[in-house]
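Heads up: the structure comes next, in structure tokens.
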Amino acid sequence: MLAVGKRGELLAAEKLIEHGWDIALPIDSSVFDLIALKEDRRWRIQVKSTLRKHDYKNTSPHYQFQLAKGKSFKHKYEASELDFFICVALDSKRFWVFPFGKLDQFTVKVYDSNSRFREYENAWELLEK
């Protein structure tokens with residue numbers, strides 16, 4: 001799973017650079033994966049990645065992202081730890097940008113048939129506020 005996470009981080013960093021952000025990577029095992037810098041803004045970003053859509057029996061295909069930290073026991077992130085989640089679907093190179101606090105669950109499921117998270121797809125402008 002490490003390769004999945006690193007691939008997502010690199011794709012998110014590339015997209016941020018494309019949108020004019022400078023990127024710094026923490027050298028320790030920080031809670032966040034990237035720091036995005038532009039003018040007077042500095043955001044701590046946690047990247048969550050998935051390889052492909054999940055297609056379980058009796059459910060619609062969807063992307064699923066775990067927004068918790070910890071290997072054995074999952075814990076929610078704190079507002080003091082990060083500013084944004086960027087969720088990356090590796091198979092389609094789709095991105096969702098969520099300000100911290102907009103999501104209160106451990107798992108986010110993004111369905112194409114549901115508009116619940118549509119406003120966050122490619123919502124890079126949220127980083128500009």
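Residue names in the structure tokens use chain letters A, B, ... in the order shown, residue numbers from 1 in each chain, and ligand numbers from 1 in the order shown.
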
Just list the residues in region 5-98 of chain A DSSP gives alpha helix (DSSP H) on the backbone, as a list in words.
Gly5, Lys6, Arg7, Gly8, Glu9, Leu10, Leu11, Ala12, Ala13, Glu14, Lys15, Leu16, Ile17 and Glu18 of chain A

Running DSSP on the backbone, which parts of region 6-115 of chain A land in strand (DSSP E or B), as a PyMOL selection string?
chain A and resi 22-24+34-38+41-50+54+62-66+68-69+75-76+84-89+94-99+107-111

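Considering the residues A:Leu67, A:Phe84, A:Asp33, A:Leu51 and counting only C-alpha atoms, Ala3 (chain A) has its shortest atom-to-atom contact with A:Leu51.
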
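For the choices A:Arg41, A:Lys102, A:Lys93, A:Lys71, the atom-to-atom distance to Ala12 (chain A) is smallest for A:Lys93 when using only C-alpha atoms.
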
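Interatomic distance, CA of Ile86 (chain A) against CA of Val47 (chain A): 4.8 Å.
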
Considering only C-alpha atoms, return as a PyMOL selection string whatever protein or nucleic-acid residues lie within 12 Å of Glu18 (chain A), sequence-local ones (same chain, fewer than 6 positions apart) excluded.
chain A and resi 11-12+36+124

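Shortest atom-to-atom contact with Glu119 (chain A) among A:Phe95, A:Phe106, A:Phe100, A:Phe73: A:Phe95, counting only C-alpha atoms.
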
Between CA of Leu16 (chain A) and CA of Glu39 (chain A), what is the distance in Å, rounded to a tenth?
13.8 Å

Report the distance between CA of Lys6 (chain A) and CA of Tyr63 (chain A) in Å, rounded to one decimal place.
17.7 Å
